[in-house]
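Student: As input, take data_4.txt (compact mmCIF, C-alpha atoms):
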# COMPACT_ATOMS: atom_id res chain seq x y z
CA MET C 1 0.00 0.00 0.00
CA LYS C 2 2.83 2.39 0.75
CA ASN C 3 4.26 2.05 -2.78
CA GLU C 4 0.80 2.50 -4.31
CA LYS C 5 0.30 5.74 -2.39
CA MET C 6 3.67 7.02 -3.56
CA ASN C 7 2.57 6.50 -7.18
CA ILE C 8 -0.63 8.51 -6.78
CA PRO C 9 -0.04 11.90 -8.41
CA GLN C 10 -0.59 15.00 -6.31
CA PRO C 11 -1.09 18.61 -7.54
CA ILE C 12 2.19 19.85 -6.11
CA ARG C 13 5.02 21.68 -7.85
CA GLY C 14 7.82 22.81 -5.54
CA GLU C 15 6.27 24.80 -2.73
CA LYS C 16 2.98 25.29 -4.58
CA GLY C 17 -0.11 23.09 -4.38
CA ALA C 18 -1.27 20.55 -1.81
CA THR C 19 -2.31 16.93 -1.52
CA VAL C 20 -5.86 15.95 -2.49
CA LYS C 21 -8.00 14.89 0.48
CA ILE C 22 -11.34 14.17 -1.21
CA PRO C 23 -12.33 11.22 -3.47
CA ARG C 24 -11.17 11.73 -7.07
CA ASN C 25 -10.62 10.03 -10.41
CA ILE C 26 -7.01 8.91 -9.96
CA GLU C 27 -6.87 7.18 -13.36
CA ARG C 28 -7.78 10.48 -15.02
CA ASP C 29 -5.10 12.36 -13.11
CA ILE C 30 -2.48 9.78 -14.14
CA GLN C 31 -3.49 10.30 -17.79
CA ASN C 32 -3.17 14.07 -17.46
CA PRO C 33 0.05 14.81 -15.53
CA ASP C 34 0.57 18.23 -17.13
CA MET C 35 -3.01 19.26 -16.44
CA LEU C 36 -2.88 18.15 -12.78
CA VAL C 37 0.52 19.83 -12.31
CA PRO C 38 0.78 22.46 -15.06
CA PRO C 39 4.20 23.72 -16.14
CA ALA C 40 5.17 26.96 -14.42
CA THR C 41 4.92 28.65 -17.83
CA ASP C 42 1.13 28.08 -17.99
CA SER C 43 -0.77 31.26 -17.19
CA GLY C 44 -4.19 32.88 -17.41
CA THR C 45 -7.52 31.50 -18.56
CA VAL C 46 -7.46 29.49 -21.79
CA ALA C 47 -10.43 27.56 -23.18
CA ASN C 48 -10.52 23.77 -22.97
CA MET C 49 -8.92 22.20 -26.04
CA LYS C 50 -9.35 18.52 -25.29
CA PHE C 51 -12.17 16.00 -25.43
CA SER C 52 -12.05 12.21 -25.59
CA PHE C 53 -14.24 9.94 -27.69
CA SER C 54 -14.35 7.78 -24.54
CA ASP C 55 -16.54 10.47 -22.95
CA THR C 56 -19.12 10.56 -25.74
CA HIS C 57 -22.50 8.89 -26.13
CA ASN C 58 -22.14 5.84 -28.38
CA ARG C 59 -24.91 4.95 -30.82
CA LEU C 60 -25.00 1.15 -31.05
CA GLU C 61 -26.50 -0.54 -34.10
CA ARG C 62 -26.66 -4.17 -35.26
CA GLY C 63 -23.89 -3.49 -37.78
CA GLY C 64 -21.57 -1.38 -35.62
CA TYR C 65 -21.50 1.92 -33.76
CA ALA C 66 -20.98 5.66 -34.13
CA ARG C 67 -19.95 8.33 -31.65
CA GLU C 68 -19.26 12.01 -32.25
CA VAL C 69 -17.34 15.00 -30.93
CA THR C 70 -18.94 18.26 -32.02
CA VAL C 71 -19.14 21.85 -30.78
CA ARG C 72 -21.54 20.57 -28.12
CA GLU C 73 -18.82 18.39 -26.58
CA LEU C 74 -15.89 20.71 -27.35
CA PRO C 75 -17.23 24.30 -27.54
CA VAL C 76 -14.00 25.74 -28.95
CA SER C 77 -14.38 23.54 -32.06
CA GLU C 78 -16.67 25.76 -34.12
CA ASN C 79 -15.14 24.78 -37.49
CA ILE C 80 -14.91 20.99 -37.25
CA ALA C 81 -17.04 18.09 -36.01
CA SER C 82 -16.04 14.44 -36.08
CA VAL C 83 -17.40 10.91 -35.87
CA ASN C 84 -15.67 7.65 -34.94
CA MET C 85 -17.51 4.85 -36.77
CA ARG C 86 -17.10 1.08 -36.68
CA LEU C 87 -18.72 -1.29 -39.18
CA LYS C 88 -18.77 -5.09 -38.90
CA PRO C 89 -17.83 -7.12 -42.00
CA GLY C 90 -20.46 -6.45 -44.66
CA ALA C 91 -22.26 -3.81 -42.58
CA ILE C 92 -23.51 -0.73 -44.44
CA ARG C 93 -23.71 2.92 -43.47
CA GLU C 94 -26.80 3.53 -45.53
CA LEU C 95 -27.18 5.74 -48.59
CA HIS C 96 -27.35 9.30 -47.25
CA TRP C 97 -26.18 12.88 -47.68
CA HIS C 98 -25.63 15.97 -45.55
CA LYS C 99 -25.11 19.71 -45.83
CA GLU C 100 -21.48 19.46 -44.74
CA ALA C 101 -18.53 18.04 -46.67
CA GLU C 102 -17.18 14.73 -45.32
CA TRP C 103 -13.46 13.93 -45.02
CA ALA C 104 -12.36 10.55 -43.66
CA TYR C 105 -9.28 8.59 -42.57
CA MET C 106 -9.41 4.77 -42.54
CA ILE C 107 -7.84 3.59 -39.28
CA TYR C 108 -8.61 -0.14 -39.47
CA GLY C 109 -9.82 -2.58 -42.11
CA ALA C 110 -11.32 -1.73 -45.48
CA ALA C 111 -14.57 -0.50 -46.98
CA ARG C 112 -16.30 0.15 -50.29
CA ILE C 113 -17.49 3.71 -50.83
CA THR C 114 -19.89 5.01 -53.47
CA SER C 115 -21.20 8.40 -54.59
CA VAL C 116 -22.97 10.19 -57.46
CA ASP C 117 -22.59 13.90 -58.27
CA SER C 118 -25.17 16.37 -59.61
CA GLU C 119 -24.05 15.68 -63.20
CA GLY C 120 -24.88 11.99 -62.86
CA ARG C 121 -21.19 11.00 -62.72
CA ASN C 122 -20.59 8.16 -60.27
CA PHE C 123 -17.81 6.80 -58.10
CA THR C 124 -17.17 3.36 -56.54
CA GLU C 125 -13.86 2.44 -54.88
CA ASP C 126 -12.35 0.38 -52.06
CA VAL C 127 -10.43 2.17 -49.29
CA THR C 128 -7.96 0.54 -46.89
CA GLU C 129 -5.91 1.54 -43.84
CA GLY C 130 -4.24 4.92 -44.29
CA ASP C 131 -6.52 5.96 -47.17
CA LEU C 132 -8.60 9.15 -47.20
CA TRP C 133 -11.92 9.95 -48.79
CA TYR C 134 -13.81 13.18 -49.34
CA PHE C 135 -17.44 13.73 -50.33
CA PRO C 136 -18.39 17.33 -51.21
CA SER C 137 -21.34 18.80 -49.34
CA GLY C 138 -24.74 17.68 -50.56
CA LEU C 139 -23.57 14.65 -52.55
CA PRO C 140 -25.13 11.24 -51.70
CA HIS C 141 -22.81 8.42 -50.67
CA SER C 142 -22.52 5.11 -48.83
CA ILE C 143 -19.94 3.03 -46.96
CA GLN C 144 -19.85 -0.78 -46.72
CA ALA C 145 -17.26 -2.69 -44.71
CA LEU C 146 -15.25 -5.45 -46.39
CA ASP C 147 -13.77 -8.71 -45.03
CA GLU C 148 -12.24 -7.47 -41.75
CA GLY C 149 -14.80 -4.80 -41.07
CA ALA C 150 -13.76 -1.17 -40.84
CA GLU C 151 -13.17 1.59 -38.32
CA PHE C 152 -12.61 5.14 -39.46
CA LEU C 153 -12.66 8.78 -38.48
CA LEU C 154 -15.11 11.10 -40.23
CA VAL C 155 -14.50 14.85 -40.21
CA PHE C 156 -17.08 17.49 -41.18
CA ASP C 157 -16.45 21.15 -42.01
CA ASP C 158 -18.94 22.53 -39.48
CA GLY C 159 -18.62 22.12 -35.72
CA ALA C 160 -22.40 21.97 -35.31
CA PHE C 161 -22.76 18.88 -37.54
CA SER C 162 -24.44 15.83 -36.01
CA GLU C 163 -24.29 12.31 -37.39
CA ASN C 164 -27.82 11.85 -36.07
CA SER C 165 -29.21 14.56 -38.38
CA THR C 166 -28.15 13.35 -41.82
CA PHE C 167 -30.52 12.80 -44.74
CA GLN C 168 -31.10 9.03 -45.02
CA VAL C 169 -32.75 7.53 -48.10
CA THR C 170 -34.86 5.14 -45.99
CA ASP C 171 -35.94 7.93 -43.63
CA TRP C 172 -37.00 10.11 -46.57
CA LEU C 173 -39.10 7.39 -48.18
CA ALA C 174 -40.66 6.46 -44.82
CA HIS C 175 -41.91 10.06 -44.57
CA THR C 176 -43.14 10.45 -48.15
CA PRO C 177 -46.78 9.67 -49.07
CA PRO C 178 -47.00 6.15 -50.58
CA ASP C 179 -48.80 7.37 -53.68
CA ILE C 180 -45.95 9.81 -54.40
CA ILE C 181 -43.38 7.02 -54.10
CA GLN C 182 -45.52 4.81 -56.32
CA LYS C 183 -45.77 7.53 -58.97
CA ASN C 184 -42.05 8.43 -58.78
CA PHE C 185 -40.75 4.87 -59.26
CA GLY C 186 -43.67 3.23 -61.06
CA LEU C 187 -44.20 0.75 -58.22
CA THR C 188 -47.18 -1.39 -57.28
CA ASP C 189 -49.05 -1.00 -53.98
CA GLU C 190 -47.43 -4.16 -52.66
CA GLN C 191 -43.94 -2.96 -53.54
CA VAL C 192 -44.48 0.33 -51.71
CA LYS C 193 -45.71 -1.54 -48.62
CA GLY C 194 -42.41 -3.48 -48.57
CA LEU C 195 -40.27 -0.38 -48.08
CA PRO C 196 -38.65 0.18 -44.64
CA SER C 197 -40.84 2.06 -42.16
CA LYS C 198 -37.89 3.94 -40.64
CA GLU C 199 -34.22 4.68 -41.29
CA LYS C 200 -31.72 1.83 -41.30
CA TYR C 201 -28.61 3.98 -40.59
CA ILE C 202 -26.12 1.13 -39.97
CA PHE C 203 -27.28 -2.39 -40.80
CA GLU C 204 -25.85 -5.87 -41.42
CA GLU C 205 -25.60 -7.43 -44.86
CA PRO C 206 -23.40 -10.09 -46.51
CA LEU C 207 -20.06 -8.98 -47.92
CA PRO C 208 -20.27 -7.29 -51.31
CA GLY C 209 -18.92 -8.94 -54.45
CA SER C 210 -15.87 -7.81 -56.36
CA LEU C 211 -15.25 -4.13 -56.97
CA THR C 212 -15.70 -4.72 -60.69
CA SER C 213 -19.08 -6.37 -60.22
CA ASP C 214 -20.31 -3.47 -58.08
CA ARG C 215 -19.33 -0.72 -60.50
CA VAL C 216 -22.25 0.76 -62.45
CA GLU C 217 -21.48 2.29 -65.83
CA SER C 218 -22.87 5.81 -66.08
CA PRO C 219 -23.59 7.44 -69.45
CA ASN C 220 -22.08 10.59 -67.93
CA GLY C 221 -18.84 8.92 -66.84
CA ILE C 222 -17.13 8.99 -63.44
CA VAL C 223 -16.47 11.99 -61.18
CA PRO C 224 -13.63 14.20 -62.56
CA HIS C 225 -11.54 14.00 -59.36
CA SER C 226 -11.40 10.81 -57.31
CA PHE C 227 -13.04 10.97 -53.89
CA LYS C 228 -10.34 8.56 -52.64
CA TYR C 229 -6.72 9.40 -51.82
CA GLU C 230 -3.96 6.92 -50.89
CA LEU C 231 -2.08 9.12 -48.43
CA LEU C 232 0.62 6.65 -47.39
CA LYS C 233 1.76 6.21 -51.00
CA ASP C 234 2.94 9.82 -50.95
CA ASP C 235 6.53 10.66 -50.02
CA PRO C 236 6.40 12.17 -46.52
CA ILE C 237 8.39 15.14 -45.25
CA VAL C 238 11.16 13.37 -43.32
CA SER C 239 12.82 14.87 -40.24
CA GLU C 240 15.20 13.26 -37.79
CA GLY C 241 12.40 12.95 -35.25
CA GLY C 242 9.58 11.72 -37.47
CA ARG C 243 7.56 12.17 -40.66
CA VAL C 244 4.63 14.19 -41.99
CA TRP C 245 2.22 13.33 -44.83
CA ILE C 246 0.20 16.28 -46.15
CA ALA C 247 -3.01 16.13 -48.22
CA ASP C 248 -4.91 19.16 -49.47
CA SER C 249 -6.44 20.33 -52.74
CA SER C 250 -3.00 20.54 -54.35
CA ASN C 251 -2.64 16.74 -54.35
CA PHE C 252 -6.08 15.48 -53.24
CA LYS C 253 -7.98 17.46 -55.86
CA ALA C 254 -11.48 16.66 -54.60
CA SER C 255 -10.79 17.91 -51.07
CA LYS C 256 -11.80 21.57 -51.39
CA THR C 257 -12.69 22.41 -47.79
CA ILE C 258 -10.44 20.14 -45.70
CA ALA C 259 -6.63 20.10 -45.58
CA SER C 260 -4.81 17.56 -43.44
CA ALA C 261 -1.53 16.15 -42.21
CA LEU C 262 -0.72 12.75 -40.70
CA VAL C 263 2.12 13.31 -38.23
CA GLU C 264 4.54 10.71 -36.85
CA VAL C 265 6.64 11.77 -33.84
CA GLN C 266 9.27 9.44 -32.39
CA PRO C 267 9.64 9.03 -28.58
CA GLY C 268 11.05 12.20 -27.02
CA ALA C 269 10.72 14.15 -30.28
CA MET C 270 8.26 16.97 -30.91
CA ARG C 271 6.24 18.71 -33.58
CA GLU C 272 8.19 21.98 -33.60
CA LEU C 273 7.00 25.33 -32.23
CA HIS C 274 4.73 26.74 -34.93
CA TRP C 275 1.33 28.18 -35.76
CA HIS C 276 -1.12 28.10 -38.65
CA PRO C 277 -1.78 31.40 -40.44
CA ASN C 278 -5.01 30.41 -42.21
CA THR C 279 -7.40 28.67 -39.80
CA ASP C 280 -7.93 26.64 -36.60
CA GLU C 281 -6.27 23.24 -36.17
CA TRP C 282 -8.35 20.21 -35.15
CA GLN C 283 -6.44 17.11 -34.01
CA TYR C 284 -7.14 13.42 -33.57
CA PHE C 285 -4.65 11.24 -31.69
CA ILE C 286 -4.37 7.78 -33.25
CA SER C 287 -1.74 6.24 -30.95
CA GLY C 288 0.88 7.20 -28.39
CA LYS C 289 0.95 9.88 -25.67
CA ALA C 290 1.45 13.59 -26.14
CA LYS C 291 1.78 16.93 -24.42
CA MET C 292 0.81 20.22 -26.06
CA THR C 293 1.08 23.77 -24.76
CA VAL C 294 -1.04 26.38 -26.54
CA PHE C 295 0.10 30.02 -26.40
CA ALA C 296 -2.94 32.31 -26.59
CA ALA C 297 -1.13 35.69 -26.47
CA ASP C 298 -1.45 38.32 -23.71
CA GLY C 299 0.62 36.12 -21.38
CA HIS C 300 -1.87 33.24 -21.53
CA ALA C 301 -0.88 29.61 -22.10
CA ARG C 302 -2.26 26.19 -21.15
CA THR C 303 -0.86 22.66 -21.38
CA PHE C 304 -2.86 19.54 -22.23
CA ASN C 305 -2.17 15.79 -22.34
CA TYR C 306 -3.47 13.50 -25.08
CA GLN C 307 -3.59 9.81 -25.90
CA ALA C 308 -5.29 7.51 -28.44
CA GLY C 309 -8.92 8.48 -29.04
CA ASP C 310 -8.52 12.07 -27.85
CA VAL C 311 -9.42 15.16 -29.83
CA GLY C 312 -7.30 18.31 -29.57
CA TYR C 313 -7.86 21.82 -30.85
CA VAL C 314 -5.77 24.94 -31.47
CA PRO C 315 -7.60 28.18 -32.37
CA PHE C 316 -6.44 30.23 -35.34
CA ALA C 317 -2.86 31.56 -35.17
CA MET C 318 -2.13 30.36 -31.61
CA GLY C 319 1.43 29.09 -31.15
CA HIS C 320 1.92 25.48 -30.04
CA TYR C 321 4.03 22.32 -30.16
CA VAL C 322 3.16 18.63 -29.73
CA GLU C 323 5.69 16.49 -27.81
CA ASN C 324 5.77 12.70 -27.67
CA ILE C 325 5.99 11.89 -23.94
CA GLY C 326 5.51 8.14 -24.37
CA ASP C 327 7.84 5.27 -25.25
CA GLU C 328 6.29 4.46 -28.65
CA PRO C 329 5.78 6.49 -31.83
CA LEU C 330 3.04 9.11 -31.64
CA TYR C 331 0.62 9.36 -34.58
CA PHE C 332 -1.95 12.11 -34.88
CA LEU C 333 -3.93 13.97 -37.52
CA GLU C 334 -3.89 17.71 -38.06
CA ILE C 335 -7.13 18.84 -39.76
CA PHE C 336 -7.97 22.29 -41.15
CA LYS C 337 -11.09 23.82 -42.65
CA SER C 338 -9.20 25.07 -45.68
CA ASP C 339 -8.30 24.11 -49.23
CA HIS C 340 -4.59 24.24 -48.40
CA TYR C 341 -2.18 23.30 -45.62
CA ALA C 342 -0.06 26.11 -44.15
CA ASP C 343 2.13 26.57 -41.10
CA VAL C 344 4.73 29.06 -39.88
CA SER C 345 7.83 27.65 -38.20
CA LEU C 346 9.23 29.73 -35.33
CA ASN C 347 12.69 28.39 -36.11
CA GLN C 348 12.51 29.29 -39.80
CA TRP C 349 11.01 32.72 -39.10
CA LEU C 350 13.92 33.64 -36.83
CA ALA C 351 16.48 32.18 -39.27
CA LEU C 352 15.15 34.37 -42.10
CA THR C 353 15.01 37.57 -40.01
CA PRO C 354 18.01 39.95 -39.73
CA GLU C 355 20.44 38.39 -37.25
CA LYS C 356 20.98 41.51 -35.19
CA LEU C 357 17.25 42.02 -34.81
CA VAL C 358 16.79 38.45 -33.54
CA LEU C 359 19.61 38.73 -31.01
CA GLN C 360 18.30 42.09 -29.76
CA HIS C 361 14.88 40.58 -29.13
CA LEU C 362 16.04 37.43 -27.36
CA ASP C 363 19.09 38.79 -25.49
CA MET C 364 21.22 36.02 -26.96
CA ASP C 365 24.72 35.93 -28.42
CA LYS C 366 25.65 34.81 -31.93
CA GLU C 367 25.99 31.20 -30.80
CA PHE C 368 22.18 31.05 -30.75
CA LEU C 369 22.10 31.65 -34.50
CA HIS C 370 23.71 28.23 -35.07
CA SER C 371 20.54 26.57 -33.74
CA LEU C 372 18.34 28.17 -36.39
CA SER C 373 17.43 26.64 -39.74
CA LYS C 374 16.32 28.38 -42.93
CA GLU C 375 14.56 25.16 -43.95
CA LYS C 376 11.56 23.74 -42.11
CA HIS C 377 12.06 20.65 -39.98
CA PRO C 378 8.52 19.86 -38.77
CA ILE C 379 9.65 17.18 -36.28
CA ILE C 380 12.52 17.89 -33.90
CA LYS C 381 14.35 14.86 -32.50
CA SER C 382 14.98 14.37 -28.81
CA ASN C 383 18.28 15.66 -27.45
CA LYS C 384 18.04 13.28 -24.51
CA ASN C 385 18.64 9.56 -24.17
CA ILE C 386 15.22 7.89 -24.20
Rewrite the structure of this file - the entire thing - as structure tokens.
Tutor:
Amino acid sequence: MKNEKMNIPQPIRGEKGATVKIPRNIERDIQNPDMLVPPATDSGTVANMKFSFSDTHNRLERGGYAREVTVRELPVSENIASVNMRLKPGAIRELHWHKEAEWAYMIYGAARITSVDSEGRNFTEDVTEGDLWYFPSGLPHSIQALDEGAEFLLVFDDGAFSENSTFQVTDWLAHTPPDIIQKNFGLTDEQVKGLPSKEKYIFEEPLPGSLTSDRVESPNGIVPHSFKYELLKDDPIVSEGGRVWIADSSNFKASKTIASALVEVQPGAMRELHWHPNTDEWQYFISGKAKMTVFAADGHARTFNYQAGDVGYVPFAMGHYVENIGDEPLYFLEIFKSDHYADVSLNQWLALTPEKLVLQHLDMDKEFLHSLSKEKHPIIKSNKNI
């Protein structure tokens, strides 16, 4: 018992703080060491920039589940909402559409996705782990899991989006007068009676056939830009401490409202001090453990801890870093409501500014200039033995 008590974290830093005397969630405190005992550099009041999918309501269906983090769960996230969805083998996320564009990252397994645009051009493809997809706002689409099932992250370009408020084909027909349906499709009374009485949303079905057998030839052809993107086939930006894969409208042509980066950070390394000059940053942590301090100007800063399944957020132009504080590689997504990816490196900015001006600001000697780089190095390796 004595050793167990010694391992219980307490909110004490030096002479500040005190032991906790009331019941508390010790597991939560262990997961958030830099929130329980913030660095001395934290200051002021900064909005919460963390929410975990583990704290969300989970919608369970016969074919899988769906849970979401929106502006209701994370009020700072006005630009982006997200859904974690799991489909069993063969299960279908039914034919539907929504007002928001949908961007997705396949975390596990594989799925078949379909869509049709307003010109009658269609799209059917299989996506596997590490692949992205993007459906422009208003276009109908579907997702069906393949042999191993599928689990993926969906991102929408409006923080107020809800997965429970999408336009489902079954829901629409269930709320349309039968005679209208009969007239529209040329059906018999008996056929109309056989239609579902409510939405299916996620439902179980056998595995689909081959991709070739599922493709429907359209007289108008296929969509001009693929809604699928094989991110991991790109050459990443390689730094000594990790790698970064970037996808935006420059290489993923269909993705007009979402830009993204998949970031790998080795143990002890960090995503360098930087900020984004175009929009807020939304994050999803795939694996590993991280620490991030967000600088909000006016002497305000706050540090957060993250692990797999957590969502992070950095408002527009706020300076930050992301450090791997675990013993395995850290993988996370940076997502932006933008057609292009952009960041400003603190290191590069100082390296490309007149030397004398930099030294005057920071009260440093010329030796400091040797640490600066005119080229970006997004991931900085650890200078300690891990």
Student: Which one is closest to Glu217 in chain C: C:Thr124, C:Thr41, C:Asn324, C:Ser118? Count only C-alpha atoms.
Tutor: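 Nearest to Glu217 in chain C: C:Thr124.
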Student: Which residues, written as an NGL selection string, have at least one atom at most 8 Å from Asn79 in chain C, with all atoms listed in the file counted and residues fewer than 2 positions away on the same chain left out?
Tutor: :C and (77 or 81 or 157-159 or 280 or 337)
Student: Need the shell around range 58-60 of chain C: protein/DNA/RNA residues with any atom at most 12 Å away, counting all atoms listed in the file. Skip same-chain ones fewer than 5 positions apart. Format as a PyMOL selection string?
Tutor: chain C and resi 53+65-69+83-88+163-164+201-203
Student: Would you export the selected residues with C-alpha atoms as a PDB file, in the coordinates of the input, please?
Tutor:
ATOM      1  CA  PHE C  53     -14.240   9.940 -27.690  1.00  0.00           C
ATOM      2  CA  TYR C  65     -21.500   1.920 -33.760  1.00  0.00           C
ATOM      3  CA  ALA C  66     -20.980   5.660 -34.130  1.00  0.00           C
ATOM      4  CA  ARG C  67     -19.950   8.330 -31.650  1.00  0.00           C
ATOM      5  CA  GLU C  68     -19.260  12.010 -32.250  1.00  0.00           C
ATOM      6  CA  VAL C  69     -17.340  15.000 -30.930  1.00  0.00           C
ATOM      7  CA  VAL C  83     -17.400  10.910 -35.870  1.00  0.00           C
ATOM      8  CA  ASN C  84     -15.670   7.650 -34.940  1.00  0.00           C
ATOM      9  CA  MET C  85     -17.510   4.850 -36.770  1.00  0.00           C
ATOM     10  CA  ARG C  86     -17.100   1.080 -36.680  1.00  0.00           C
ATOM     11  CA  LEU C  87     -18.720  -1.290 -39.180  1.00  0.00           C
ATOM     12  CA  LYS C  88     -18.770  -5.090 -38.900  1.00  0.00           C
ATOM     13  CA  GLU C 163     -24.290  12.310 -37.390  1.00  0.00           C
ATOM     14  CA  ASN C 164     -27.820  11.850 -36.070  1.00  0.00           C
ATOM     15  CA  TYR C 201     -28.610   3.980 -40.590  1.00  0.00           C
ATOM     16  CA  ILE C 202     -26.120   1.130 -39.970  1.00  0.00           C
ATOM     17  CA  PHE C 203     -27.280  -2.390 -40.800  1.00  0.00           C
TER      18      PHE C 203
END
Student: Please define a box with edges along x, y and z of the file around all atoms of range 349-365 of chain C given in the file, extend it by 6 Å on each side, and return its centre and edge lengths in Å to one decimal, as JSON.
Tutor:
{"center_x": 17.9, "center_y": 37.1, "center_z": -33.8, "size_x": 25.7, "size_y": 21.9, "size_z": 28.6}
Student: Ranking C:Glu190, C:Glu94, C:Asp126, C:Asp343 by minimum distance to Val169 in chain C and counting all atoms listed in the file, which one comes first?
Tutor: C:Glu94
Student: Set the distance at 8 Å and use all atoms listed in the file: which residues neighbour Ile380 in chain C once local chain neighbours fewer than 4 positions away are removed? I'd like the list as an MDAnalysis selection string.
Tutor: chainID C and resid 239:242 269:272
Student: Can you list, as a list in words, every protein, DNA or RNA residue that comes within 9 Å of range 170-180 of chain C when you count only C-alpha atoms, leaving out same-chain residues fewer than 3 positions away?
Tutor: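 The residues satisfying every condition are Glu94, Leu95, His96, Phe167, Lys183, Asn184, Phe185, Asp189, Val192, Lys193, Leu195, Pro196, Ser197, Lys198, Glu199, Lys200 and Tyr201 of chain C.
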Student: Rounded to one decimal place, report the CA of Leu146 in chain C-CA of Arg215 in chain C distance in Å.
Tutor: 15.4 Å
Student: Mind completing range 317-329 of chain C with N, CA and C atoms? Output as a PDB file, in the frame of the given file, please?
Tutor:
ATOM      1  N   ALA C 317      -4.089  30.787 -35.373  1.00  0.00           N
ATOM      2  CA  ALA C 317      -2.860  31.560 -35.170  1.00  0.00           C
ATOM      3  C   ALA C 317      -2.206  31.378 -33.798  1.00  0.00           C
ATOM      4  N   MET C 318      -2.750  30.554 -32.922  1.00  0.00           N
ATOM      5  CA  MET C 318      -2.130  30.360 -31.610  1.00  0.00           C
ATOM      6  C   MET C 318      -0.907  29.454 -31.730  1.00  0.00           C
ATOM      7  N   GLY C 319       0.195  29.859 -31.110  1.00  0.00           N
ATOM      8  CA  GLY C 319       1.430  29.090 -31.150  1.00  0.00           C
ATOM      9  C   GLY C 319       1.325  27.825 -30.315  1.00  0.00           C
ATOM     10  N   HIS C 320       1.986  26.753 -30.766  1.00  0.00           N
ATOM     11  CA  HIS C 320       1.920  25.480 -30.040  1.00  0.00           C
ATOM     12  C   HIS C 320       3.015  24.538 -30.521  1.00  0.00           C
ATOM     13  N   TYR C 321       3.181  23.445 -29.798  1.00  0.00           N
ATOM     14  CA  TYR C 321       4.030  22.320 -30.160  1.00  0.00           C
ATOM     15  C   TYR C 321       3.281  21.069 -29.744  1.00  0.00           C
ATOM     16  N   VAL C 322       3.703  19.903 -30.209  1.00  0.00           N
ATOM     17  CA  VAL C 322       3.160  18.630 -29.730  1.00  0.00           C
ATOM     18  C   VAL C 322       4.356  17.718 -29.467  1.00  0.00           C
ATOM     19  N   GLU C 323       4.551  17.329 -28.217  1.00  0.00           N
ATOM     20  CA  GLU C 323       5.690  16.490 -27.810  1.00  0.00           C
ATOM     21  C   GLU C 323       5.241  15.070 -27.525  1.00  0.00           C
ATOM     22  N   ASN C 324       6.014  14.097 -28.001  1.00  0.00           N
ATOM     23  CA  ASN C 324       5.770  12.700 -27.670  1.00  0.00           C
ATOM     24  C   ASN C 324       6.365  12.422 -26.295  1.00  0.00           C
ATOM     25  N   ILE C 325       5.512  12.151 -25.308  1.00  0.00           N
ATOM     26  CA  ILE C 325       5.990  11.890 -23.940  1.00  0.00           C
ATOM     27  C   ILE C 325       5.881  10.416 -23.591  1.00  0.00           C
ATOM     28  N   GLY C 326       5.602   9.576 -24.592  1.00  0.00           N
ATOM     29  CA  GLY C 326       5.510   8.140 -24.370  1.00  0.00           C
ATOM     30  C   GLY C 326       6.750   7.415 -24.849  1.00  0.00           C
ATOM     31  N   ASP C 327       6.694   6.084 -24.840  1.00  0.00           N
ATOM     32  CA  ASP C 327       7.840   5.270 -25.250  1.00  0.00           C
ATOM     33  C   ASP C 327       7.591   4.564 -26.579  1.00  0.00           C
ATOM     34  N   GLU C 328       6.555   5.006 -27.315  1.00  0.00           N
ATOM     35  CA  GLU C 328       6.290   4.460 -28.650  1.00  0.00           C
ATOM     36  C   GLU C 328       5.990   5.625 -29.586  1.00  0.00           C
ATOM     37  N   PRO C 329       6.056   5.387 -30.900  1.00  0.00           N
ATOM     38  CA  PRO C 329       5.780   6.490 -31.830  1.00  0.00           C
ATOM     39  C   PRO C 329       4.381   7.072 -31.610  1.00  0.00           C
TER      40      PRO C 329
END
